[in-house]
Every structure is written in C-alpha cells, then in structure tokens.
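Here is the file data22.json (JSON, C-alpha atoms).
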```json
[["chain", "number", "residue", "atom", "x", "y", "z"],
["A", 624, "MET", "CA", -9.08, 3.73, -29.43],
["A", 625, "ASN", "CA", -9.77, 2.05, -26.15],
["A", 626, "ASP", "CA", -9.86, 3.48, -22.66],
["A", 627, "THR", "CA", -6.57, 2.01, -21.55],
["A", 628, "THR", "CA", -4.46, 4.07, -23.88],
["A", 629, "ALA", "CA", -6.24, 7.38, -23.43],
["A", 630, "VAL", "CA", -3.96, 8.48, -20.63],
["A", 631, "THR", "CA", -0.87, 8.36, -22.76],
["A", 632, "ARG", "CA", -2.21, 10.71, -25.39],
["A", 633, "ASN", "CA", -2.43, 14.38, -24.81],
["A", 634, "GLU", "CA", -5.86, 15.62, -25.75],
["A", 635, "SER", "CA", -5.41, 19.12, -24.47],
["A", 636, "ALA", "CA", -6.31, 21.68, -27.08],
["A", 637, "SER", "CA", -4.57, 24.51, -25.27],
["A", 638, "ARG", "CA", -1.30, 24.09, -27.13],
["A", 639, "SER", "CA", -1.02, 25.02, -30.76],
["A", 640, "ASP", "CA", 1.27, 22.08, -31.45],
["A", 641, "THR", "CA", -1.18, 19.49, -30.22],
["A", 642, "ALA", "CA", -1.94, 18.37, -33.73],
["A", 643, "THR", "CA", 1.70, 17.67, -34.57],
["A", 644, "ARG", "CA", 2.30, 15.90, -31.27],
["A", 645, "HIS", "CA", -0.76, 13.85, -31.84],
["A", 646, "GLU", "CA", 0.58, 12.84, -35.20],
["A", 647, "ALA", "CA", 3.90, 11.89, -33.64],
["A", 648, "ALA", "CA", 2.16, 9.70, -31.09],
["A", 649, "GLN", "CA", 0.19, 7.99, -33.80],
["A", 650, "ARG", "CA", 3.22, 7.15, -35.89],
["A", 651, "SER", "CA", 3.62, 3.48, -35.26],
["A", 652, "ASP", "CA", 7.41, 3.54, -35.13],
["A", 653, "THR", "CA", 7.56, 6.19, -32.42],
["A", 654, "THR", "CA", 8.77, 4.68, -29.19],
["A", 655, "LEU", "CA", 10.14, 5.89, -25.88],
["A", 656, "LEU", "CA", 13.68, 4.98, -24.96],
["A", 657, "PRO", "CA", 13.58, 3.55, -21.45],
["A", 658, "PRO", "CA", 16.51, 4.55, -19.20],
["A", 659, "VAL", "CA", 18.91, 1.73, -18.33],
["A", 660, "ASP", "CA", 21.67, 0.85, -15.88],
["A", 661, "VAL", "CA", 24.24, -1.65, -17.09],
["A", 662, "PHE", "CA", 26.99, -3.09, -14.95],
["A", 663, "GLU", "CA", 29.42, -5.90, -15.34],
["A", 664, "ASP", "CA", 31.18, -8.22, -12.93],
["A", 665, "SER", "CA", 33.53, -11.11, -13.55],
["A", 666, "THR", "CA", 30.76, -13.59, -14.34],
["A", 667, "GLY", "CA", 28.34, -11.56, -16.43],
["A", 668, "ILE", "CA", 26.42, -8.39, -17.22],
["A", 669, "THR", "CA", 23.34, -7.08, -15.41],
["A", 670, "LEU", "CA", 20.94, -4.67, -17.12],
["A", 671, "ARG", "CA", 18.11, -2.85, -15.36],
["A", 672, "THR", "CA", 15.52, -0.78, -17.14],
["A", 673, "ASP", "CA", 12.41, 1.20, -16.20],
["A", 674, "LEU", "CA", 9.24, 0.15, -18.01],
["A", 675, "PRO", "CA", 6.45, 1.68, -15.91],
["A", 676, "GLY", "CA", 2.89, 0.84, -16.89],
["A", 677, "VAL", "CA", 3.88, -2.21, -18.91],
["A", 678, "PRO", "CA", 2.08, -5.38, -17.74],
["A", 679, "LYS", "CA", 4.05, -8.62, -17.85],
["A", 680, "ASP", "CA", 2.17, -9.97, -20.87],
["A", 681, "LYS", "CA", 2.92, -6.84, -22.94],
["A", 682, "LEU", "CA", 6.67, -7.13, -22.47],
["A", 683, "THR", "CA", 8.80, -8.83, -25.12],
["A", 684, "LEU", "CA", 12.41, -9.70, -24.70],
["A", 685, "GLN", "CA", 14.30, -11.06, -27.66],
["A", 686, "VAL", "CA", 17.86, -12.21, -28.21],
["A", 687, "GLU", "CA", 18.64, -12.69, -31.85],
["A", 688, "ALA", "CA", 21.82, -12.53, -33.93],
["A", 689, "GLY", "CA", 23.81, -10.84, -31.20],
["A", 690, "THR", "CA", 21.24, -8.19, -30.34],
["A", 691, "LEU", "CA", 19.02, -7.84, -27.32],
["A", 692, "THR", "CA", 15.66, -6.17, -27.97],
["A", 693, "ILE", "CA", 13.43, -4.95, -25.16],
["A", 694, "GLU", "CA", 9.92, -3.92, -26.12],
["A", 695, "GLY", "CA", 6.94, -3.07, -23.98],
["A", 696, "GLU", "CA", 3.52, -1.60, -24.44],
["A", 697, "VAL", "CA", 2.04, 0.70, -21.81],
["A", 698, "SER", "CA", -1.40, -0.42, -20.71],
["A", 699, "ILE", "CA", -3.00, 1.36, -17.80],
["A", 700, "PRO", "CA", -6.66, 0.86, -16.91],
["A", 701, "THR", "CA", -8.36, 4.27, -16.85],
["A", 702, "PRO", "CA", -11.90, 5.22, -15.87],
["A", 703, "GLU", "CA", -14.38, 5.42, -18.67],
["A", 704, "GLY", "CA", -14.68, 8.78, -20.36],
["A", 705, "MET", "CA", -11.43, 10.16, -18.96],
["A", 706, "GLN", "CA", -9.95, 13.10, -20.82],
["A", 707, "ALA", "CA", -6.17, 13.45, -20.60],
["A", 708, "THR", "CA", -5.27, 17.02, -19.66],
["A", 709, "TYR", "CA", -1.52, 16.77, -19.26],
["A", 710, "ALA", "CA", 0.87, 14.04, -20.37],
["A", 711, "GLU", "CA", 4.61, 13.57, -19.96],
["A", 712, "VAL", "CA", 4.48, 9.97, -21.12],
["A", 713, "ASP", "CA", 2.66, 10.55, -24.40],
["A", 714, "VAL", "CA", 3.78, 7.54, -26.42],
["A", 715, "PRO", "CA", 2.49, 4.19, -25.15],
["A", 716, "ARG", "CA", 5.45, 2.11, -26.29],
["A", 717, "PHE", "CA", 8.98, 1.45, -25.08],
["A", 718, "ARG", "CA", 11.76, -0.03, -27.19],
["A", 719, "ARG", "CA", 15.50, -0.36, -26.84],
["A", 720, "VAL", "CA", 18.05, -2.49, -28.64],
["A", 721, "PHE", "CA", 21.56, -3.44, -27.53],
["A", 722, "THR", "CA", 24.34, -5.19, -29.39],
["A", 723, "LEU", "CA", 25.80, -8.02, -27.36],
["A", 724, "SER", "CA", 29.41, -9.08, -27.46],
["A", 725, "LYS", "CA", 30.70, -12.52, -28.31],
["A", 726, "GLU", "CA", 31.77, -13.67, -24.87],
["A", 727, "LEU", "CA", 28.22, -13.46, -23.51],
["A", 728, "ASP", "CA", 26.21, -16.64, -23.26],
["A", 729, "THR", "CA", 22.88, -15.70, -24.86],
["A", 730, "ALA", "CA", 21.41, -19.12, -24.13],
["A", 731, "LYS", "CA", 21.50, -18.45, -20.39],
["A", 732, "VAL", "CA", 19.83, -15.05, -20.20],
["A", 733, "SER", "CA", 17.52, -14.71, -17.21],
["A", 734, "ALA", "CA", 15.07, -11.90, -16.53],
["A", 735, "GLU", "CA", 12.90, -10.65, -13.70],
["A", 736, "PHE", "CA", 10.15, -8.02, -13.93],
["A", 737, "LYS", "CA", 8.82, -6.36, -10.80],
["A", 738, "HIS", "CA", 7.06, -3.03, -10.18],
["A", 739, "GLY", "CA", 7.88, -1.86, -13.70],
["A", 740, "VAL", "CA", 11.62, -2.57, -13.43],
["A", 741, "LEU", "CA", 13.10, -5.23, -15.69],
["A", 742, "SER", "CA", 16.35, -6.89, -14.57],
["A", 743, "ILE", "CA", 18.25, -8.96, -17.09],
["A", 744, "ARG", "CA", 21.27, -11.07, -16.28],
["A", 745, "ILE", "CA", 23.49, -12.24, -19.13],
["A", 746, "PRO", "CA", 26.26, -14.59, -17.96],
["A", 747, "LYS", "CA", 29.58, -14.83, -19.71],
["A", 748, "ALA", "CA", 30.33, -18.04, -21.55],
["A", 749, "GLU", "CA", 32.30, -20.62, -19.57],
["A", 750, "HIS", "CA", 35.45, -20.14, -21.60],
["A", 751, "ALA", "CA", 35.33, -16.37, -21.06],
["A", 752, "GLN", "CA", 35.13, -16.54, -17.29],
["A", 753, "PRO", "CA", 38.27, -15.73, -15.40],
["A", 754, "ARG", "CA", 40.36, -18.71, -14.45],
["A", 755, "ARG", "CA", 43.19, -18.94, -12.10],
["A", 756, "ILE", "CA", 46.10, -20.58, -13.81],
["A", 757, "ASP", "CA", 48.31, -22.62, -11.60],
["A", 758, "ILE", "CA", 51.96, -22.33, -12.32],
["A", 759, "SER", "CA", 53.90, -25.40, -11.53],
["A", 760, "VAL", "CA", 57.45, -24.83, -10.48],
["A", 761, "SER", "CA", 59.72, -27.62, -11.40],
["B", 374, "MET", "CA", 17.66, 19.96, -13.11],
["B", 375, "TYR", "CA", 16.37, 18.73, -16.46],
["B", 376, "ARG", "CA", 17.04, 15.05, -17.03],
["B", 377, "PRO", "CA", 15.16, 13.42, -19.88],
["B", 378, "LEU", "CA", 13.48, 10.33, -18.51],
["B", 379, "TYR", "CA", 12.30, 8.94, -21.77],
["B", 380, "ALA", "CA", 14.10, 9.98, -24.90],
["B", 381, "ARG", "CA", 12.51, 9.44, -28.27],
["B", 382, "ASP", "CA", 13.32, 9.16, -31.92],
["B", 383, "VAL", "CA", 14.61, 12.16, -33.80],
["B", 384, "PHE", "CA", 11.21, 13.44, -35.02],
["B", 385, "ALA", "CA", 9.76, 13.33, -31.56],
["B", 386, "GLU", "CA", 12.88, 15.03, -30.20],
["B", 387, "LEU", "CA", 12.48, 17.89, -32.70],
["B", 388, "ASP", "CA", 8.90, 18.12, -31.62],
["B", 389, "ARG", "CA", 9.97, 18.33, -27.99],
["B", 390, "LEU", "CA", 12.55, 21.00, -28.86],
["B", 391, "GLN", "CA", 9.86, 23.08, -30.48],
["B", 392, "ARG", "CA", 7.69, 22.71, -27.40],
["B", 393, "GLU", "CA", 10.54, 23.66, -25.08],
["B", 394, "MET", "CA", 11.26, 26.75, -27.15],
["B", 395, "GLN", "CA", 7.64, 27.71, -26.67],
["B", 396, "ASP", "CA", 7.90, 27.12, -22.93],
["B", 397, "ALA", "CA", 11.09, 29.19, -22.76],
["B", 398, "PHE", "CA", 9.38, 32.17, -24.37],
["B", 399, "ASP", "CA", 6.26, 31.82, -22.30],
["B", 400, "LEU", "CA", 5.81, 35.17, -20.57],
["B", 401, "SER", "CA", 4.01, 33.74, -17.55],
["B", 402, "PRO", "CA", 5.23, 30.25, -16.70],
["B", 403, "SER", "CA", 3.94, 28.38, -13.67],
["B", 404, "ILE", "CA", 5.40, 29.52, -10.35],
["B", 405, "ARG", "CA", 6.70, 26.00, -9.77],
["B", 406, "GLY", "CA", 8.66, 26.01, -13.01],
["B", 407, "ILE", "CA", 8.42, 23.79, -16.01],
["B", 408, "GLY", "CA", 7.71, 20.42, -14.55],
["B", 409, "ARG", "CA", 8.64, 18.25, -17.46],
["B", 410, "GLY", "CA", 11.59, 15.94, -17.03],
["B", 411, "GLY", "CA", 11.23, 15.43, -13.30],
["B", 412, "PHE", "CA", 10.91, 12.06, -11.60],
["B", 413, "PRO", "CA", 8.35, 10.59, -11.59],
["B", 414, "ALA", "CA", 6.83, 11.51, -14.94],
["B", 415, "LEU", "CA", 3.18, 12.52, -14.55],
["B", 416, "ASN", "CA", 0.09, 12.09, -16.65],
["B", 417, "ILE", "CA", -3.09, 13.78, -15.51],
["B", 418, "GLY", "CA", -6.62, 13.30, -16.67],
["B", 419, "GLY", "CA", -10.12, 14.05, -15.52],
["B", 420, "THR", "CA", -13.65, 12.78, -15.65],
["B", 421, "PRO", "CA", -16.75, 14.76, -14.63],
["B", 422, "THR", "CA", -16.60, 13.09, -11.18],
["B", 423, "SER", "CA", -12.89, 12.74, -10.49],
["B", 424, "VAL", "CA", -9.30, 13.78, -11.18],
["B", 425, "GLU", "CA", -6.86, 10.99, -12.05],
["B", 426, "ILE", "CA", -3.12, 11.34, -11.57],
["B", 427, "TYR", "CA", -0.68, 8.72, -12.88],
["B", 428, "ALA", "CA", 2.92, 8.88, -11.62],
["B", 429, "PHE", "CA", 5.39, 6.70, -13.52],
["B", 430, "ALA", "CA", 7.52, 5.64, -10.56],
["B", 431, "PRO", "CA", 8.89, 2.14, -11.17],
["B", 432, "GLY", "CA", 10.85, 0.08, -8.68],
["B", 433, "LEU", "CA", 9.53, 1.55, -5.45],
["B", 434, "ASP", "CA", 8.23, 0.00, -2.29],
["B", 435, "PRO", "CA", 4.59, 1.17, -2.07],
["B", 436, "ALA", "CA", 4.96, 1.63, 1.69],
["B", 437, "SER", "CA", 7.84, 4.08, 1.27],
["B", 438, "MET", "CA", 5.91, 6.48, -0.94],
["B", 439, "GLU", "CA", 4.36, 9.55, 0.54],
["B", 440, "VAL", "CA", 1.24, 11.07, -0.97],
["B", 441, "ASN", "CA", -0.19, 14.20, 0.65],
["B", 442, "LEU", "CA", -3.04, 16.48, -0.25],
["B", 443, "ASP", "CA", -2.90, 19.81, 1.52],
["B", 444, "ARG", "CA", -4.93, 22.88, 0.51],
["B", 445, "GLY", "CA", -5.31, 21.74, -3.06],
["B", 446, "LEU", "CA", -1.65, 20.77, -3.46],
["B", 447, "LEU", "CA", -0.92, 17.13, -4.08],
["B", 448, "THR", "CA", 2.59, 16.06, -3.14],
["B", 449, "ILE", "CA", 4.22, 12.79, -4.19],
["B", 450, "ALA", "CA", 7.50, 12.08, -2.46],
["B", 451, "GLY", "CA", 9.83, 9.17, -1.83],
["B", 452, "GLU", "CA", 13.24, 7.77, -2.44],
["B", 453, "ARG", "CA", 14.58, 5.37, -4.99],
["B", 454, "PRO", "CA", 17.75, 3.52, -4.01],
["B", 455, "ALA", "CA", 20.57, 3.37, -6.57],
["B", 456, "ASN", "CA", 21.15, -0.42, -6.37],
["B", 457, "LEU", "CA", 24.38, -0.16, -8.31],
["B", 458, "PRO", "CA", 27.50, -2.03, -7.29],
["B", 459, "SER", "CA", 29.57, 0.13, -4.98],
["B", 460, "GLY", "CA", 32.75, 1.73, -6.25],
["B", 461, "ASP", "CA", 35.07, -0.05, -3.82],
["B", 462, "ASP", "CA", 34.37, -3.36, -5.50],
["B", 463, "ASP", "CA", 37.09, -3.84, -8.11],
["B", 464, "GLU", "CA", 35.28, -6.74, -9.71],
["B", 465, "SER", "CA", 32.42, -4.73, -11.18],
["B", 466, "THR", "CA", 32.17, -1.86, -13.62],
["B", 467, "VAL", "CA", 29.22, 0.43, -14.27],
["B", 468, "HIS", "CA", 28.85, 0.94, -18.02],
["B", 469, "ILE", "CA", 25.59, 2.88, -18.27],
["B", 470, "ASN", "CA", 23.84, 4.77, -15.49],
["B", 471, "GLU", "CA", 20.72, 6.54, -16.74],
["B", 472, "ARG", "CA", 18.06, 5.54, -14.24],
["B", 473, "PHE", "CA", 17.00, 8.05, -11.62],
["B", 474, "ALA", "CA", 18.16, 7.44, -8.05],
["B", 475, "GLY", "CA", 17.71, 9.47, -4.91],
["B", 476, "ARG", "CA", 14.96, 11.43, -3.21],
["B", 477, "PHE", "CA", 12.16, 12.92, -5.27],
["B", 478, "ARG", "CA", 9.20, 15.19, -4.71],
["B", 479, "ARG", "CA", 6.64, 16.42, -7.17],
["B", 480, "VAL", "CA", 3.84, 18.84, -6.46],
["B", 481, "VAL", "CA", 0.65, 19.22, -8.46],
["B", 482, "SER", "CA", -1.88, 21.95, -7.87],
["B", 483, "LEU", "CA", -5.39, 20.56, -8.22],
["B", 484, "SER", "CA", -8.54, 22.41, -9.17],
["B", 485, "ASP", "CA", -10.73, 23.85, -6.39],
["B", 486, "ASP", "CA", -13.58, 21.41, -6.88],
["B", 487, "VAL", "CA", -11.77, 18.34, -5.52],
["B", 488, "ASP", "CA", -12.80, 16.70, -2.26],
["B", 489, "PRO", "CA", -9.71, 16.29, -0.01],
["B", 490, "ASN", "CA", -11.52, 13.61, 2.00],
["B", 491, "SER", "CA", -11.85, 11.12, -0.81],
["B", 492, "VAL", "CA", -8.44, 10.35, -2.22],
["B", 493, "SER", "CA", -7.29, 6.84, -3.00],
["B", 494, "ALA", "CA", -3.99, 5.58, -4.37],
["B", 495, "ASP", "CA", -2.79, 2.28, -5.75],
["B", 496, "TYR", "CA", 0.48, 1.07, -7.21],
["B", 497, "ARG", "CA", 0.56, -1.29, -10.15],
["B", 498, "ASP", "CA", 3.26, -2.19, -12.69],
["B", 499, "GLY", "CA", 5.37, 0.69, -11.40],
["B", 500, "VAL", "CA", 2.65, 3.30, -11.87],
["B", 501, "LEU", "CA", 1.17, 5.13, -8.89],
["B", 502, "HIS", "CA", -2.44, 6.01, -9.61],
["B", 503, "ILE", "CA", -4.09, 8.66, -7.45],
["B", 504, "HIS", "CA", -7.82, 9.06, -7.70],
["B", 505, "VAL", "CA", -9.33, 12.25, -6.27],
["B", 506, "LYS", "CA", -13.10, 12.69, -6.31],
["B", 507, "ARG", "CA", -14.68, 16.02, -7.10],
["B", 508, "HIS", "CA", -17.14, 17.57, -4.62],
["B", 509, "GLU", "CA", -20.71, 16.38, -5.00],
["B", 510, "SER", "CA", -21.80, 19.96, -5.55],
["B", 511, "ALA", "CA", -19.34, 20.40, -8.42],
["B", 512, "GLN", "CA", -20.48, 17.30, -10.29],
["B", 513, "PRO", "CA", -22.69, 17.72, -13.29],
["B", 514, "ARG", "CA", -26.37, 17.27, -12.53],
["B", 515, "ARG", "CA", -29.40, 16.99, -14.66],
["B", 516, "ILE", "CA", -32.06, 19.43, -13.59],
["B", 517, "THR", "CA", -35.61, 18.39, -14.16],
["B", 518, "VAL", "CA", -37.90, 21.04, -15.51],
["B", 519, "GLN", "CA", -41.14, 21.12, -13.58]]
```

Go ahead and express the file in the form of structure tokens.
Amino acid sequence: MNDTTAVTRNESASRSDTATRHEAAQRSDTTLLPPVDVFEDSTGITLRTDLPGVPKDKLTLQVEAGTLTIEGEVSIPTPEGMQATYAEVDVPRFRRVFTLSKELDTAKVSAEFKHGVLSIRIPKAEHAQPRRIDISVS
Amino acid sequence: MYRPLYARDVFAELDRLQREMQDAFDLSPSIRGIGRGGFPALNIGGTPTSVEIYAFAPGLDPASMEVNLDRGLLTIAGERPANLPSGDDDESTVHINERFAGRFRRVVSLSDDVDPNSVSADYRDGVLHIHVKRHESAQPRRITVQ
C-alpha cells in the first residue's frame, strides 16, 4: 500500500457497502473499461482512448494473435497521509481488448500518448487498400 | 444525464447497481444531484493541512480549463473537442464513439476551513490536481502544557 494508489481507493466509512467495494477494488482482475472512439478511413483504423492518470511507463500495448490489448495502471502522486473521502475512479487499472480483422497490418501499428489520451493508428495491409483499376478499351 | 465513463466487470457493475439503488432511495440527496458519471470523474481526499481534488480530464489543453473557487464552491469547467472525422467525408466511418465531447462543468462544495487564497492546480497525464490549503487556524496544533 503506497501513497500513490491511495486516491483510487475509497476509504470513506460512511457507506455500509464500503467493505464490499473495497473487496472489489482489491480483486486483481477488476479493471476499468476505458471509453474509446474508433474510426476508419480508406487507409486504416484510428482508435483513441482515455487513460487518465496513467504514466507512459505504466502503459502496455500488445498486438498478439489478432487481438489488441490496451492496459494501463493509474499512478498519481499524492501527499503523504492523504485519506480518500470520495472516489469515482476507484480501481487503479484500465484494460480493454479488441479483436482485429485480417486486412489490418499489425506490423505497422503506431501509437501516441499525450495528456492521458492514447491514439493508435492501424494501417490496412497494402493488398487491402483501395486501388483504382484502369480499364483499357480496345 | 448519466453516462458511465468507466465501465467495469460484471461483479463491479452489480456492486455499482447496489450503490445506485441506495442513492435512489436516499431521502435527502445532495441539492446538486448525484454527481457520479459526470465528466470529469472526480476523486477527493484530504490531509490535516489541505484538501486534494483530482479531476480525470484527459486530452485537454491546460490553458483552456477554468478553475474557480467562489464562496466555498470549486468549479471546474472547460470544453473537450470531438476530434472525430466530420460526417460529410464519405471516406471515413465512425465505428465506436464513447468518449465524452463538449462543454463540461463540475461543482464541488468544499468544507468551511479551506483558505481561498492558497489554491494551486497542475495538469499531469490527463489528471487535473487541485490543491487547496486549510486555514492556519483550522490546522491541528499541539498545545504545550505549562
């Protein structure tokens, strides 16, 4: 239990369900689902997701067997001895998995992380990109 | 009005449902409604000398955010642009649109012992941290027995 995670746990004793919530937060597989925007154009797919409070070194991005996994751990420096009184973000972990389709080129994924927003660009494979086919009239 | 910012697994969702049922049957809710689910999400904590507010507001320009403290009410306001491809572009399709976009404003009522003259705010990794000191007179003191 270090100071940096204290803010994400609700220590308020005013609610009768604190104990159960506490348990939920402790369960290691409990994660928050970050909201995403996904849009597609003719050359690829862009994904944007909100991961506030996740420093760059606590973010993992993995492409494996046709799935894209985004994982991040919330780490916010808090003053020593701080007691959390109210928490809406009460689980310090984000995780979301997407299944990718075949025409995407997973070797060329690029990502940018700024102010807690992760942008991922997945281009389509060369053969899947639109081509203009010239018709020769004889 | 309610838009879940961060959904969870099924056990946590059941837990949230239980909590919301409790809120719904609360005979005296806060005059500003049930704040949960608004943008940005807030975490609040305190130390004997200060009150710490953390607003989870990713993707904003720090200069465009407005933080005001007026008669014990702390207001956080701003706007988050949508940044989605416009509809008139035939080439692109929006598949998922879950992220918040638009103007936001959240108000927090602080305890009476805070000092409105010593507020500081910083923005890091998409989290706005507001630090409000408590009045000197309200801070715990050790009294020496003569």

Report as a list in words all protein, DNA and RNA residues lying within 9 Å of region 750-756 of chain A, evaluated on only C-alpha atoms, omitting residues in the same chain fewer than 2 positions from it.
Ser665, Thr666, Gly667, Glu726, Leu727, Lys747, Ala748 and Ile758 of chain A

Check which residues of chain A sit at most 7 Å from chain B using only C-alpha atoms, and return one row each with the closest pair of atoms and their distance in Å to one decimal, ordered by chain and rising number, as JSON lines.
```
{"residue": "A:Val630", "atom": "CA", "partner": "B:Asn416", "partner_atom": "CA", "distance": 6.7}
{"residue": "A:Arg644", "atom": "CA", "partner": "B:Asp388", "partner_atom": "CA", "distance": 7.0}
{"residue": "A:Ala647", "atom": "CA", "partner": "B:Ala385", "partner_atom": "CA", "distance": 6.4}
{"residue": "A:Thr653", "atom": "CA", "partner": "B:Asp382", "partner_atom": "CA", "distance": 6.5}
{"residue": "A:Thr654", "atom": "CA", "partner": "B:Arg381", "partner_atom": "CA", "distance": 6.1}
{"residue": "A:Leu655", "atom": "CA", "partner": "B:Arg381", "partner_atom": "CA", "distance": 4.9}
{"residue": "A:Leu656", "atom": "CA", "partner": "B:Ala380", "partner_atom": "CA", "distance": 5.0}
{"residue": "A:Pro657", "atom": "CA", "partner": "B:Tyr379", "partner_atom": "CA", "distance": 5.5}
{"residue": "A:Pro658", "atom": "CA", "partner": "B:Glu471", "partner_atom": "CA", "distance": 5.3}
{"residue": "A:Val659", "atom": "CA", "partner": "B:Glu471", "partner_atom": "CA", "distance": 5.4}
{"residue": "A:Asp660", "atom": "CA", "partner": "B:Asn470", "partner_atom": "CA", "distance": 4.5}
{"residue": "A:Val661", "atom": "CA", "partner": "B:Ile469", "partner_atom": "CA", "distance": 4.9}
{"residue": "A:Phe662", "atom": "CA", "partner": "B:Val467", "partner_atom": "CA", "distance": 4.2}
{"residue": "A:Glu663", "atom": "CA", "partner": "B:Thr466", "partner_atom": "CA", "distance": 5.2}
{"residue": "A:Asp664", "atom": "CA", "partner": "B:Ser465", "partner_atom": "CA", "distance": 4.1}
{"residue": "A:Ser665", "atom": "CA", "partner": "B:Glu464", "partner_atom": "CA", "distance": 6.1}
{"residue": "A:Asp673", "atom": "CA", "partner": "B:Pro431", "partner_atom": "CA", "distance": 6.2}
{"residue": "A:Pro675", "atom": "CA", "partner": "B:Gly499", "partner_atom": "CA", "distance": 4.7}
{"residue": "A:Gly676", "atom": "CA", "partner": "B:Asp498", "partner_atom": "CA", "distance": 5.2}
{"residue": "A:Val677", "atom": "CA", "partner": "B:Asp498", "partner_atom": "CA", "distance": 6.3}
{"residue": "A:Pro678", "atom": "CA", "partner": "B:Asp498", "partner_atom": "CA", "distance": 6.1}
{"residue": "A:Gly704", "atom": "CA", "partner": "B:Thr420", "partner_atom": "CA", "distance": 6.3}
{"residue": "A:Met705", "atom": "CA", "partner": "B:Thr420", "partner_atom": "CA", "distance": 4.8}
{"residue": "A:Gln706", "atom": "CA", "partner": "B:Gly418", "partner_atom": "CA", "distance": 5.3}
{"residue": "A:Ala707", "atom": "CA", "partner": "B:Gly418", "partner_atom": "CA", "distance": 4.0}
{"residue": "A:Thr708", "atom": "CA", "partner": "B:Gly418", "partner_atom": "CA", "distance": 5.0}
{"residue": "A:Tyr709", "atom": "CA", "partner": "B:Ile417", "partner_atom": "CA", "distance": 5.0}
{"residue": "A:Ala710", "atom": "CA", "partner": "B:Asn416", "partner_atom": "CA", "distance": 4.3}
{"residue": "A:Glu711", "atom": "CA", "partner": "B:Leu415", "partner_atom": "CA", "distance": 5.7}
{"residue": "A:Val712", "atom": "CA", "partner": "B:Asn416", "partner_atom": "CA", "distance": 6.6}
{"residue": "A:His738", "atom": "CA", "partner": "B:Gly499", "partner_atom": "CA", "distance": 4.3}
{"residue": "A:Gly739", "atom": "CA", "partner": "B:Gly499", "partner_atom": "CA", "distance": 4.3}
{"residue": "A:Val740", "atom": "CA", "partner": "B:Gly432", "partner_atom": "CA", "distance": 5.5}
```

Select, from B:Ile449, B:Leu442, B:Ala494, B:Leu387, the residue with the minimum atom-to-atom distance to Phe477 (chain B), counting only C-alpha atoms.
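Smallest distance to Phe477 (chain B) is found for B:Ile449.
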
So what do you get for CA of Gly445 (chain B) versus CA of Arg479 (chain B), distance-wise?
13.7 Å

Which residue of B:Arg444, B:Glu452, B:Ala474, B:Ile503 approaches Pro489 (chain B) most closely, using only C-alpha atoms
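Looking only at the distances to Pro489 (chain B), the closest residue turns out to be B:Arg444.
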
Could you pull the residues within 12 Å of region 729-731 of chain A, counting all atoms listed in the file, minus those fewer than 5 positions along the same chain, as a ChimeraX atom specification?
/A:667-668,685-691,722-724,743-749

Nearest to Pro513 (chain B), chosen from B:Val492, B:Asp486, B:Asn441, B:Ala450, with all atoms listed in the file counted in the distances
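Of all the options, B:Asp486 lies closest to Pro513 (chain B).
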
Return the single residue from B:Leu446, B:Met394, B:Ala436, B:Ile516 that is closest to Val480 (chain B), with distances computed using only C-alpha atoms.
B:Leu446

Please measure the separation of CA of Pro702 (chain A) and CA of Pro715 (chain A), giving the value in Å to one decimal.
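Taking CA of Pro702 (chain A) and CA of Pro715 (chain A), their separation equals 17.2 Å.
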
Enclose all atoms of region 696-709 of chain A listed in the file in an axis-aligned box, grow every side by 8 Å, and hand back centre and edge lengths in Å to one decimal, as lines of an AutoDock Vina configuration file.
```
center_x = -5.6
center_y = 7.7
center_z = -20.2
size_x = 34.2
size_y = 34.6
size_z = 24.6
```

Length of the CA of His508 (chain B) to CA of Ser493 (chain B) vector [Å]
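Here the two named atoms are 14.7 Å from each other.
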
Which residue gives the smallest distance to Glu439 (chain B) among B:Glu509, B:Arg478, B:Arg453, B:Leu390, with only C-alpha atoms counted?
B:Arg478

Using only C-alpha atoms, pick whichever of A:Ser742, A:Ser733, A:Thr701, A:Ser759 has the shortest atom-to-atom distance to Leu674 (chain A).
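Residue with the minimum atom-to-atom distance to Leu674 (chain A): A:Ser742.
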